[in-house]
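Structure below is data10.cif: mmCIF, C-alpha atoms.
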data_entry
loop_
_atom_site.label_atom_id
_atom_site.label_comp_id
_atom_site.auth_asym_id
_atom_site.auth_seq_id
_atom_site.Cartn_x
_atom_site.Cartn_y
_atom_site.Cartn_z
CA MET A 1 -29.09 9.58 -47.64
CA TRP A 2 -29.40 9.14 -43.88
CA GLN A 3 -30.15 5.44 -44.26
CA ILE A 4 -27.07 5.04 -46.47
CA LEU A 5 -24.88 6.71 -43.81
CA THR A 6 -26.40 4.61 -41.05
CA SER A 7 -25.88 1.44 -43.06
CA PHE A 8 -22.28 2.42 -43.77
CA CYS A 9 -21.50 3.04 -40.08
CA GLN A 10 -23.16 -0.22 -39.08
CA HIS A 11 -21.14 -2.13 -41.68
CA GLN A 12 -17.86 -0.56 -40.48
CA TRP A 13 -18.67 -1.36 -36.87
CA GLU A 14 -19.43 -4.98 -37.74
CA ARG A 15 -15.98 -5.24 -39.33
CA ILE A 16 -14.38 -3.83 -36.19
CA TYR A 17 -16.54 -6.12 -34.06
CA GLU A 18 -15.30 -9.15 -35.98
CA MET A 19 -11.72 -7.90 -35.70
CA PHE A 20 -12.08 -8.06 -31.91
CA ASP A 21 -13.94 -11.40 -32.18
CA GLY A 22 -16.73 -9.78 -30.16
CA ASP A 23 -14.44 -9.94 -27.13
CA GLN A 24 -15.43 -7.26 -24.60
CA SER A 25 -12.06 -7.20 -22.87
CA LYS A 26 -10.24 -6.67 -26.19
CA MET A 27 -12.58 -3.79 -27.00
CA VAL A 28 -11.90 -2.11 -23.66
CA PHE A 29 -8.14 -2.71 -23.54
CA ILE A 30 -7.00 -2.59 -27.15
CA GLY A 31 -9.85 -0.62 -28.69
CA THR A 32 -9.94 2.12 -26.07
CA PHE A 33 -6.15 2.44 -26.10
CA LEU A 34 -6.02 2.75 -29.90
CA VAL A 35 -8.90 5.23 -30.05
CA SER A 36 -7.67 7.45 -27.22
CA SER A 37 -4.02 7.39 -28.32
CA GLY A 38 -4.94 7.97 -31.94
CA ALA A 39 -7.10 10.97 -31.09
CA PHE A 40 -4.60 12.52 -28.69
CA PHE A 41 -1.37 11.97 -30.60
CA GLY A 42 -2.99 12.57 -33.97
CA VAL A 43 -3.88 16.15 -33.05
CA ASN A 44 -0.69 16.69 -31.06
CA LEU A 45 1.57 15.58 -33.90
CA PHE A 46 0.61 18.70 -35.82
CA LEU A 47 0.77 20.94 -32.74
CA SER A 48 4.14 19.54 -31.66
CA ILE A 49 5.70 20.28 -35.06
CA LEU A 50 4.41 23.84 -34.79
CA ASP A 51 5.66 24.19 -31.20
CA LEU A 52 9.13 22.81 -31.89
CA THR A 53 9.85 24.26 -35.33
CA GLY A 54 7.52 27.21 -35.79
CA PHE A 55 6.32 25.65 -39.04
CA PRO A 56 4.11 26.66 -40.68
CA GLN A 57 5.20 30.17 -39.78
CA ARG A 58 1.87 31.75 -40.68
CA LEU A 59 0.22 29.98 -37.75
CA VAL A 60 2.61 31.28 -35.07
CA LYS A 61 0.71 34.58 -35.03
CA TYR A 62 -2.17 32.79 -33.30
CA LYS A 63 -0.04 32.05 -30.22
CA ILE A 64 -1.78 33.27 -27.05
CA GLN A 65 1.28 33.89 -24.85
CA LYS A 66 3.66 35.08 -27.53
CA ASP A 67 6.64 35.56 -25.22
CA LYS A 68 6.68 31.96 -23.94
CA ASN A 69 7.51 28.62 -25.57
CA CYS A 70 8.26 30.07 -29.00
CA PRO A 71 9.79 27.65 -29.80
CA VAL A 72 9.38 25.07 -27.05
CA SER A 73 12.54 23.75 -25.40
CA ARG A 74 13.23 20.25 -26.72
CA ASP A 75 14.31 19.07 -23.27
CA LEU A 76 11.08 20.27 -21.67
CA PHE A 77 9.07 18.81 -24.52
CA LEU A 78 10.71 15.39 -24.19
CA LYS A 79 10.23 15.42 -20.43
CA ALA A 80 6.52 16.14 -20.89
CA LEU A 81 6.22 13.53 -23.65
CA GLY A 82 7.79 10.87 -21.43
CA TRP A 83 5.23 11.48 -18.69
CA VAL A 84 2.38 11.56 -21.21
CA ILE A 85 3.37 8.15 -22.58
CA PHE A 86 3.67 6.83 -19.02
CA ASN A 87 0.17 8.09 -18.18
CA GLN A 88 -1.26 6.68 -21.41
CA THR A 89 0.15 3.22 -20.75
CA VAL A 90 1.33 2.32 -17.25
CA VAL A 91 -1.35 4.43 -15.54
CA ALA A 92 -4.17 3.86 -18.03
CA PHE A 93 -4.10 0.07 -18.43
CA PRO A 94 -4.97 -0.76 -14.81
CA ILE A 95 -7.84 1.74 -15.12
CA PHE A 96 -8.97 -0.02 -18.31
CA PHE A 97 -9.00 -3.30 -16.37
CA LEU A 98 -11.15 -1.86 -13.57
CA SER A 99 -13.36 -0.02 -16.05
CA HIS A 100 -14.11 -3.25 -17.88
CA ILE A 101 -15.30 -4.88 -14.66
CA VAL A 102 -17.50 -1.89 -13.78
CA MET A 103 -18.87 -1.52 -17.33
CA VAL A 104 -19.90 -5.18 -17.44
CA TRP A 105 -21.50 -4.84 -13.99
CA ARG A 106 -23.33 -1.70 -15.15
CA GLY A 107 -24.61 -3.41 -18.26
CA CYS A 108 -22.81 -1.28 -20.84
CA SER A 109 -23.36 -2.61 -24.34
CA PHE A 110 -20.65 -4.23 -26.44
CA GLY A 111 -23.09 -5.59 -28.99
CA ARG A 112 -22.99 -5.88 -32.76
CA GLN A 113 -25.86 -3.41 -33.19
CA LEU A 114 -24.92 0.28 -33.03
CA PRO A 115 -26.92 2.56 -30.70
CA THR A 116 -29.43 4.99 -32.15
CA LEU A 117 -28.31 8.52 -32.93
CA ASN A 118 -30.66 9.93 -30.29
CA SER A 119 -29.13 7.77 -27.57
CA VAL A 120 -25.62 8.77 -28.68
CA PHE A 121 -26.48 12.47 -28.45
CA LEU A 122 -28.10 12.01 -25.06
CA ASP A 123 -25.14 10.05 -23.67
CA ILE A 124 -22.59 12.57 -24.97
CA ALA A 125 -24.57 15.47 -23.49
CA VAL A 126 -24.78 13.80 -20.08
CA CYS A 127 -21.11 12.79 -20.22
CA THR A 128 -20.21 16.42 -20.88
CA LEU A 129 -22.11 17.62 -17.82
CA ILE A 130 -20.71 14.86 -15.60
CA GLU A 131 -17.18 15.72 -16.68
CA GLU A 132 -17.79 19.39 -15.90
CA ILE A 133 -19.00 18.54 -12.38
CA LEU A 134 -16.30 16.03 -11.50
CA PHE A 135 -13.42 17.92 -13.09
CA TYR A 136 -14.45 21.26 -11.59
CA TYR A 137 -14.69 20.10 -8.00
CA SER A 138 -11.67 17.78 -8.07
CA HIS A 139 -9.62 20.46 -9.80
CA ARG A 140 -10.85 23.43 -7.82
CA TYR A 141 -10.46 22.04 -4.34
CA ALA A 142 -7.16 20.37 -5.06
CA THR A 143 -5.92 23.70 -6.40
CA PHE A 144 -7.48 25.66 -3.53
CA PHE A 145 -5.84 23.64 -0.78
CA LEU A 146 -2.51 23.43 -2.54
CA LEU A 147 -2.47 27.18 -3.12
CA LEU A 148 -3.46 27.87 0.47
CA PHE A 149 -0.69 25.74 1.84
CA LYS A 150 1.85 27.03 -0.65
CA PHE A 151 1.35 30.64 0.37
CA SER A 152 0.97 29.87 4.06
CA PHE A 153 4.57 28.74 4.13
CA ARG A 154 5.73 31.83 2.32
CA PHE A 155 4.68 34.00 5.27
CA ILE A 156 5.80 31.78 8.13
CA SER A 157 8.31 33.66 10.24
CA CYS A 158 8.50 31.85 13.55
CA LYS A 159 8.69 28.37 14.98
CA ASN A 160 5.31 28.67 16.66
CA ASP A 161 3.65 29.21 13.29
CA ILE A 162 5.28 26.05 11.98
CA THR A 163 4.08 24.13 15.03
CA VAL A 164 0.51 25.30 14.46
CA LEU A 165 0.61 24.33 10.78
CA GLU A 166 2.08 20.96 11.61
CA SER A 167 -0.65 20.32 14.17
CA LEU A 168 -3.24 21.00 11.47
CA GLY A 169 -1.64 18.49 9.14
CA LEU A 170 -0.66 21.14 6.61
CA PHE A 171 2.73 19.64 5.90
CA HIS A 172 0.95 16.76 4.21
CA HIS A 173 -0.71 19.23 1.87
CA ARG A 174 2.54 21.03 1.27
CA PHE A 175 3.83 17.68 0.05
CA LEU A 176 0.80 17.37 -2.25
CA TYR A 177 1.49 20.76 -3.77
CA LYS A 178 5.19 20.15 -4.29
CA HIS A 179 4.94 16.63 -5.65
CA ILE A 180 1.52 16.36 -7.32
CA HIS A 181 -0.45 19.33 -8.64
CA LYS A 182 2.51 21.63 -9.15
CA MET A 183 3.77 19.28 -11.86
CA HIS A 184 0.96 20.14 -14.27
CA HIS A 185 1.37 23.85 -13.57
CA GLU A 186 5.05 23.89 -14.45
CA TRP A 187 3.67 24.97 -17.81
CA THR A 188 2.31 28.49 -17.27
CA ALA A 189 2.02 28.68 -21.05
CA PRO A 190 0.70 25.20 -21.91
CA ILE A 191 1.11 23.28 -25.15
CA GLY A 192 -1.05 20.48 -26.52
CA ILE A 193 0.69 17.46 -25.01
CA THR A 194 0.63 18.99 -21.52
CA ALA A 195 -3.11 18.25 -21.42
CA ILE A 196 -2.22 14.95 -19.72
CA TYR A 197 1.18 15.96 -18.38
CA ALA A 198 0.39 15.42 -14.72
CA HIS A 199 1.32 13.37 -11.70
CA PRO A 200 -0.23 9.89 -12.14
CA LEU A 201 -2.47 10.37 -9.09
CA GLU A 202 -3.80 13.66 -10.45
CA HIS A 203 -4.17 12.11 -13.90
CA ILE A 204 -6.42 9.42 -12.45
CA VAL A 205 -8.52 11.69 -10.23
CA CYS A 206 -8.85 14.79 -12.41
CA ASN A 207 -8.48 13.46 -15.95
CA ILE A 208 -9.50 9.81 -16.23
CA LEU A 209 -12.31 9.47 -13.69
CA PRO A 210 -14.34 12.51 -14.88
CA ALA A 211 -14.12 11.15 -18.44
CA ILE A 212 -15.06 7.52 -17.78
CA ALA A 213 -17.76 8.22 -15.21
CA GLY A 214 -20.29 9.40 -17.81
CA PRO A 215 -20.33 6.30 -20.03
CA ILE A 216 -20.50 4.06 -16.96
CA ILE A 217 -23.39 6.00 -15.41
CA MET A 218 -25.28 6.06 -18.72
CA GLY A 219 -24.52 2.41 -19.56
CA SER A 220 -23.27 3.59 -22.94
CA HIS A 221 -22.43 1.40 -25.92
CA VAL A 222 -18.66 0.97 -26.31
CA VAL A 223 -18.75 2.93 -29.59
CA THR A 224 -20.41 5.86 -27.82
CA SER A 225 -17.71 5.65 -25.15
CA TRP A 226 -15.00 5.76 -27.82
CA LEU A 227 -16.65 8.75 -29.45
CA TRP A 228 -16.87 10.53 -26.10
CA PHE A 229 -13.21 9.82 -25.24
CA THR A 230 -12.21 11.20 -28.64
CA ILE A 231 -14.20 14.39 -28.06
CA ALA A 232 -12.85 14.80 -24.51
CA LEU A 233 -9.21 14.30 -25.54
CA ILE A 234 -9.40 16.65 -28.51
CA SER A 235 -11.20 19.20 -26.33
CA THR A 236 -8.55 19.16 -23.60
CA THR A 237 -5.80 19.29 -26.23
CA VAL A 238 -7.37 22.41 -27.74
CA ALA A 239 -7.73 23.94 -24.25
CA HIS A 240 -4.00 23.44 -23.64
CA CYS A 241 -2.67 24.04 -27.15
CA GLY A 242 -1.68 27.68 -26.57
CA TYR A 243 -3.01 28.83 -29.95
CA HIS A 244 -6.29 30.59 -30.65
CA PHE A 245 -6.92 29.45 -34.22
CA PRO A 246 -9.93 30.59 -36.27
CA LEU A 247 -13.00 28.33 -36.27
CA ILE A 248 -12.04 26.27 -33.20
CA PRO A 249 -13.32 26.62 -29.62
CA SER A 250 -11.44 29.27 -27.68
CA PRO A 251 -8.54 28.05 -25.48
CA GLU A 252 -8.38 31.40 -23.65
CA PHE A 253 -10.36 30.10 -20.66
CA HIS A 254 -7.97 27.35 -19.60
CA ASP A 255 -4.86 29.17 -20.84
CA TYR A 256 -5.73 31.90 -18.35
CA HIS A 257 -5.96 29.28 -15.60
CA HIS A 258 -2.38 28.20 -16.31
CA LEU A 259 -1.21 31.79 -16.44
CA LYS A 260 -2.87 32.99 -13.22
CA PHE A 261 -3.65 29.68 -11.46
CA VAL A 262 -6.58 31.05 -9.44
CA ASN A 263 -9.56 31.10 -11.83
CA ASN A 264 -11.30 28.85 -14.35
CA PHE A 265 -11.29 25.40 -12.78
CA GLY A 266 -13.92 23.78 -15.00
CA VAL A 267 -14.23 22.69 -18.61
CA LEU A 268 -17.36 24.45 -19.84
CA GLY A 269 -17.25 27.39 -17.44
CA ILE A 270 -20.76 26.71 -16.12
CA LEU A 271 -19.72 25.96 -12.55
CA ASP A 272 -17.08 28.69 -12.58
CA ARG A 273 -19.83 31.17 -13.40
CA LEU A 274 -22.12 29.68 -10.74
CA HIS A 275 -19.46 29.83 -8.02
CA GLY A 276 -17.86 33.09 -9.16
CA THR A 277 -14.49 31.47 -9.78
CA ASP A 278 -14.16 33.22 -13.13
CA SER A 279 -14.44 36.80 -11.82
CA GLN A 280 -10.81 37.71 -12.42
CA PHE A 281 -10.93 36.17 -15.88
CA ARG A 282 -14.13 38.02 -16.79
CA ALA A 283 -12.50 41.31 -15.78
CA SER A 284 -9.46 40.63 -17.95
CA ASP A 285 -8.75 41.34 -21.60
CA ALA A 286 -8.47 37.59 -22.15
CA PHE A 287 -12.23 37.33 -21.59
CA LYS A 288 -12.84 39.64 -24.55
CA ARG A 289 -10.87 37.20 -26.68
CA HIS A 290 -12.75 34.17 -25.39
CA LEU A 291 -14.82 33.48 -28.50
CA ILE A 292 -14.81 31.49 -31.70
CA THR A 293 -13.33 33.76 -34.33
CA PHE A 294 -14.16 33.53 -38.02
CA SER A 295 -11.48 36.02 -38.98
CA LEU A 296 -7.92 35.25 -40.04
CA THR A 297 -6.80 38.22 -37.94
CA PRO A 298 -5.54 36.92 -34.56
CA VAL A 299 -7.83 37.79 -31.65
CA SER A 300 -4.79 39.27 -29.90
CA LEU A 301 -4.88 42.00 -32.54
CA GLN A 302 -8.65 42.30 -32.56
CA PHE A 303 -8.70 42.72 -28.76
CA PRO A 304 -5.21 43.83 -27.67
CA ASP A 305 -4.24 44.09 -24.01
CA THR A 306 -5.01 47.40 -22.38
CA CYS A 307 -2.38 49.34 -20.45
CA ASN A 308 -3.81 48.17 -17.11
CA GLU A 309 -3.69 44.55 -18.20
CA LYS A 310 -0.07 44.88 -19.31
CA LYS A 311 0.89 46.28 -15.92
CA MET A 312 -0.78 43.31 -14.18
CA THR A 313 1.08 40.67 -16.23
#

Before we go any further, please render this structure as structure tokens.
Amino acid sequence: MWQILTSFCQHQWERIYEMFDGDQSKMVFIGTFLVSSGAFFGVNLFLSILDLTGFPQRLVKYKIQKDKNCPVSRDLFLKALGWVIFNQTVVAFPIFFLSHIVMVWRGCSFGRQLPTLNSVFLDIAVCTLIEEILFYYSHRYATFFLLLFKFSFRFISCKNDITVLESLGLFHHRFLYKHIHKMHHEWTAPIGITAIYAHPLEHIVCNILPAIAGPIIMGSHVVTSWLWFTIALISTTVAHCGYHFPLIPSPEFHDYHHLKFVNNFGVLGILDRLHGTDSQFRASDAFKRHLITFSLTPVSLQFPDTCNEKKMT
């Protein structure tokens, strides 16, 4: 049975390989675009219908923040969609071009022979850890500085304070907060497509680079890279979807980050636990709901907010 499956996958890849004429640049530009866009928009088509129409109605009960974006404003949705398409095309294609150069230099495989299953598993595991490291630190420290400078201006009351801040170069960071990272956090109750709704600079640094670094470091086969990009895009879509459906990984972790802004900077939660940047989340009722549920009963009913939690929100 396993040999039949392996033979089938190899045959399908050879057909795709011939379709690209074995051209590495076509695989990186066209292939990566089709795979990443197909994965992202394929999942988000379903989620967008649910967000905009509330259909099917039986799934609305799984909404995490029930008082927000039910339904989503069409104007806000179209604004987000426009930026997503921009990031997926205008921003992504130059990165594809540079990635191709680096992948060839690194010796990544574009060959007719598929990699072994063991090497695929190893590459995906390492890519997952690399993404956690790069996303956590780029996300955390960008957020930390932007928050610091945001609130520093809130309490300025005299000209001397402004002079001191200016001398420290903090106005530059105020600009970063206002024009870059704040964009993604306009959505305190995120939806699926907002996974890559971000300023182009942030999209490159926090979204694209952590994802492509793994395959480059590992010298992965292009098919492994495509598989990894598919996993990463579906994962971030689930994290932003705003629904805690049965049988899927919990989105509570990142949803809480959008709600509170000060915890949960990573993907897996490993580095948040190590650095203690999940302490507020772990003390919240949302942490009780952070699990894969096998019940059709929404986790919001299984673990309702306590009185103290309601007062905090």

Identify all residues satisfying the PyMOL selection byres ((chain A and resi 40) around 8) in the given file; provide them as a short mmCIF file (atom, residue, chain, number, x, y, z; two decimals) with C-alpha atoms, in the coordinates of the input.
data_model
loop_
_atom_site.label_atom_id
_atom_site.label_comp_id
_atom_site.auth_asym_id
_atom_site.auth_seq_id
_atom_site.Cartn_x
_atom_site.Cartn_y
_atom_site.Cartn_z
CA SER A 36 -7.67 7.45 -27.22
CA SER A 37 -4.02 7.39 -28.32
CA GLY A 38 -4.94 7.97 -31.94
CA ALA A 39 -7.10 10.97 -31.09
CA PHE A 41 -1.37 11.97 -30.60
CA GLY A 42 -2.99 12.57 -33.97
CA VAL A 43 -3.88 16.15 -33.05
CA ASN A 44 -0.69 16.69 -31.06
CA THR A 230 -12.21 11.20 -28.64
CA LEU A 233 -9.21 14.30 -25.54
CA ILE A 234 -9.40 16.65 -28.51
CA THR A 237 -5.80 19.29 -26.23
#

Convert the output of the PyMOL selection byres ((chain A and resi 50) around 12) on the shown file into explicit residues, formatted as a PDB file with C-alpha atoms, in the coordinates of the input.
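Now in expr12.pdb:
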ATOM      1  CA  VAL A  43      -3.880  16.150 -33.050  1.00  0.00           C
ATOM      2  CA  ASN A  44      -0.690  16.690 -31.060  1.00  0.00           C
ATOM      3  CA  LEU A  45       1.570  15.580 -33.900  1.00  0.00           C
ATOM      4  CA  PHE A  46       0.610  18.700 -35.820  1.00  0.00           C
ATOM      5  CA  LEU A  47       0.770  20.940 -32.740  1.00  0.00           C
ATOM      6  CA  SER A  48       4.140  19.540 -31.660  1.00  0.00           C
ATOM      7  CA  ILE A  49       5.700  20.280 -35.060  1.00  0.00           C
ATOM      8  CA  ASP A  51       5.660  24.190 -31.200  1.00  0.00           C
ATOM      9  CA  LEU A  52       9.130  22.810 -31.890  1.00  0.00           C
ATOM     10  CA  THR A  53       9.850  24.260 -35.330  1.00  0.00           C
ATOM     11  CA  GLY A  54       7.520  27.210 -35.790  1.00  0.00           C
ATOM     12  CA  PHE A  55       6.320  25.650 -39.040  1.00  0.00           C
ATOM     13  CA  PRO A  56       4.110  26.660 -40.680  1.00  0.00           C
ATOM     14  CA  GLN A  57       5.200  30.170 -39.780  1.00  0.00           C
ATOM     15  CA  ARG A  58       1.870  31.750 -40.680  1.00  0.00           C
ATOM     16  CA  LEU A  59       0.220  29.980 -37.750  1.00  0.00           C
ATOM     17  CA  VAL A  60       2.610  31.280 -35.070  1.00  0.00           C
ATOM     18  CA  LYS A  61       0.710  34.580 -35.030  1.00  0.00           C
ATOM     19  CA  TYR A  62      -2.170  32.790 -33.300  1.00  0.00           C
ATOM     20  CA  LYS A  63      -0.040  32.050 -30.220  1.00  0.00           C
ATOM     21  CA  ASN A  69       7.510  28.620 -25.570  1.00  0.00           C
ATOM     22  CA  CYS A  70       8.260  30.070 -29.000  1.00  0.00           C
ATOM     23  CA  PRO A  71       9.790  27.650 -29.800  1.00  0.00           C
ATOM     24  CA  VAL A  72       9.380  25.070 -27.050  1.00  0.00           C
ATOM     25  CA  ILE A 191       1.110  23.280 -25.150  1.00  0.00           C
ATOM     26  CA  GLY A 192      -1.050  20.480 -26.520  1.00  0.00           C
ATOM     27  CA  CYS A 241      -2.670  24.040 -27.150  1.00  0.00           C
ATOM     28  CA  GLY A 242      -1.680  27.680 -26.570  1.00  0.00           C
ATOM     29  CA  TYR A 243      -3.010  28.830 -29.950  1.00  0.00           C
TER      30      TYR A 243
END

Pull out every residue that the PyMOL selection byres ((chain A and resi 9) around 12) matches in the shown coordinates and put them as a VMD selection string.
chain A and resid 2 to 8 10 to 16 112 to 117 223

Write a file of the selected residues as a PDB file, in the coordinates of the input, keeping C-alpha atoms.
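Wrote it out as again.pdb, contents follow:
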ATOM      1  CA  TRP A   2     -29.400   9.140 -43.880  1.00  0.00           C
ATOM      2  CA  GLN A   3     -30.150   5.440 -44.260  1.00  0.00           C
ATOM      3  CA  ILE A   4     -27.070   5.040 -46.470  1.00  0.00           C
ATOM      4  CA  LEU A   5     -24.880   6.710 -43.810  1.00  0.00           C
ATOM      5  CA  THR A   6     -26.400   4.610 -41.050  1.00  0.00           C
ATOM      6  CA  SER A   7     -25.880   1.440 -43.060  1.00  0.00           C
ATOM      7  CA  PHE A   8     -22.280   2.420 -43.770  1.00  0.00           C
ATOM      8  CA  GLN A  10     -23.160  -0.220 -39.080  1.00  0.00           C
ATOM      9  CA  HIS A  11     -21.140  -2.130 -41.680  1.00  0.00           C
ATOM     10  CA  GLN A  12     -17.860  -0.560 -40.480  1.00  0.00           C
ATOM     11  CA  TRP A  13     -18.670  -1.360 -36.870  1.00  0.00           C
ATOM     12  CA  GLU A  14     -19.430  -4.980 -37.740  1.00  0.00           C
ATOM     13  CA  ARG A  15     -15.980  -5.240 -39.330  1.00  0.00           C
ATOM     14  CA  ILE A  16     -14.380  -3.830 -36.190  1.00  0.00           C
ATOM     15  CA  ARG A 112     -22.990  -5.880 -32.760  1.00  0.00           C
ATOM     16  CA  GLN A 113     -25.860  -3.410 -33.190  1.00  0.00           C
ATOM     17  CA  LEU A 114     -24.920   0.280 -33.030  1.00  0.00           C
ATOM     18  CA  PRO A 115     -26.920   2.560 -30.700  1.00  0.00           C
ATOM     19  CA  THR A 116     -29.430   4.990 -32.150  1.00  0.00           C
ATOM     20  CA  LEU A 117     -28.310   8.520 -32.930  1.00  0.00           C
ATOM     21  CA  VAL A 223     -18.750   2.930 -29.590  1.00  0.00           C
TER      22      VAL A 223
END

In terms of the shortest atom-to-atom distance over all atoms listed in the file, which of A:Phe281, A:Phe287, A:Phe97, A:Phe29 is closest to Val299 (chain A)?
A:Phe287

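For the choices A:Val120, A:Val104, A:Ile231, A:Ala283, the atom-to-atom distance to Ala211 (chain A) is smallest for A:Ile231 when using all atoms listed in the file.
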
Tell me which protein, DNA and RNA residues are within 12 Å of Ile64 (chain A), counting all atoms listed in the file, leaving out same-chain ones fewer than 2 positions away, and put them as a PyMOL selection string.
chain A and resi 59-62+66-70+188-191+239-245+250-256+258-259+285-286+289-290+298-301+303-305

Considering all atoms listed in the file, return as a PyMOL selection string whatever protein or nucleic-acid residues lie within 10 Å of Val90 (chain A), sequence-local ones (same chain, fewer than 5 positions apart) excluded.
chain A and resi 85+95+200

Counting all atoms listed in the file, which of A:Val262, A:Ala232, A:Leu291, A:Ile193 gets nearest to Val84 (chain A)?
A:Ile193

For Ser138 (chain A), which of A:Ser235, A:Ser295, A:Asn207, A:Ser99 is the closest residue, counting only C-alpha atoms?
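Once distances to Ser138 (chain A) are computed over only C-alpha atoms, the minimum belongs to A:Asn207.
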
Can you sort out region 262-268 of chain A so it carries all heavy atoms, written as an mmCIF file, in the coordinates of the input?
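Resulting contents of part01.cif:
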data_model
loop_
_atom_site.group_PDB
_atom_site.id
_atom_site.type_symbol
_atom_site.label_atom_id
_atom_site.label_comp_id
_atom_site.auth_asym_id
_atom_site.auth_seq_id
_atom_site.Cartn_x
_atom_site.Cartn_y
_atom_site.Cartn_z
ATOM 1 N N VAL A 262 -5.563 30.862 -10.480
ATOM 2 C CA VAL A 262 -6.580 31.050 -9.440
ATOM 3 C C VAL A 262 -8.008 31.141 -9.964
ATOM 4 O O VAL A 262 -8.928 31.337 -9.178
ATOM 5 C CB VAL A 262 -6.273 32.318 -8.610
ATOM 6 C CG1 VAL A 262 -5.001 32.136 -7.825
ATOM 7 C CG2 VAL A 262 -6.171 33.556 -9.506
ATOM 8 N N ASN A 263 -8.222 31.024 -11.247
ATOM 9 C CA ASN A 263 -9.560 31.100 -11.830
ATOM 10 C C ASN A 263 -9.734 29.968 -12.837
ATOM 11 O O ASN A 263 -8.774 29.319 -13.231
ATOM 12 C CB ASN A 263 -9.765 32.440 -12.538
ATOM 13 C CG ASN A 263 -10.556 33.448 -11.729
ATOM 14 O OD1 ASN A 263 -11.213 34.330 -12.271
ATOM 15 N ND2 ASN A 263 -10.483 33.352 -10.411
ATOM 16 N N ASN A 264 -10.997 29.744 -13.232
ATOM 17 C CA ASN A 264 -11.300 28.850 -14.350
ATOM 18 C C ASN A 264 -10.890 27.394 -14.082
ATOM 19 O O ASN A 264 -9.998 26.852 -14.712
ATOM 20 C CB ASN A 264 -10.620 29.343 -15.637
ATOM 21 C CG ASN A 264 -11.000 30.755 -16.001
ATOM 22 O OD1 ASN A 264 -11.861 31.354 -15.364
ATOM 23 N ND2 ASN A 264 -10.364 31.306 -17.012
ATOM 24 N N PHE A 265 -11.621 26.755 -13.174
ATOM 25 C CA PHE A 265 -11.290 25.400 -12.780
ATOM 26 C C PHE A 265 -12.048 24.340 -13.584
ATOM 27 O O PHE A 265 -11.688 23.164 -13.534
ATOM 28 C CB PHE A 265 -11.587 25.202 -11.288
ATOM 29 C CG PHE A 265 -10.823 26.147 -10.405
ATOM 30 C CD1 PHE A 265 -11.444 27.238 -9.826
ATOM 31 C CD2 PHE A 265 -9.474 25.955 -10.164
ATOM 32 C CE1 PHE A 265 -10.747 28.118 -9.020
ATOM 33 C CE2 PHE A 265 -8.762 26.820 -9.358
ATOM 34 C CZ PHE A 265 -9.389 27.911 -8.779
ATOM 35 N N GLY A 266 -13.096 24.740 -14.282
ATOM 36 C CA GLY A 266 -13.920 23.780 -15.000
ATOM 37 C C GLY A 266 -13.542 23.610 -16.448
ATOM 38 O O GLY A 266 -12.498 24.082 -16.911
ATOM 39 N N VAL A 267 -14.424 22.938 -17.177
ATOM 40 C CA VAL A 267 -14.230 22.690 -18.610
ATOM 41 C C VAL A 267 -15.125 23.631 -19.418
ATOM 42 O O VAL A 267 -14.649 24.351 -20.306
ATOM 43 C CB VAL A 267 -14.558 21.231 -18.969
ATOM 44 C CG1 VAL A 267 -14.401 21.002 -20.467
ATOM 45 C CG2 VAL A 267 -13.653 20.278 -18.181
ATOM 46 N N LEU A 268 -16.404 23.635 -19.096
ATOM 47 C CA LEU A 268 -17.360 24.450 -19.840
ATOM 48 C C LEU A 268 -17.457 25.880 -19.320
ATOM 49 O O LEU A 268 -17.869 26.782 -20.047
ATOM 50 C CB LEU A 268 -18.757 23.813 -19.775
ATOM 51 C CG LEU A 268 -18.879 22.370 -20.288
ATOM 52 C CD1 LEU A 268 -20.288 21.848 -20.039
ATOM 53 C CD2 LEU A 268 -18.525 22.302 -21.762
#
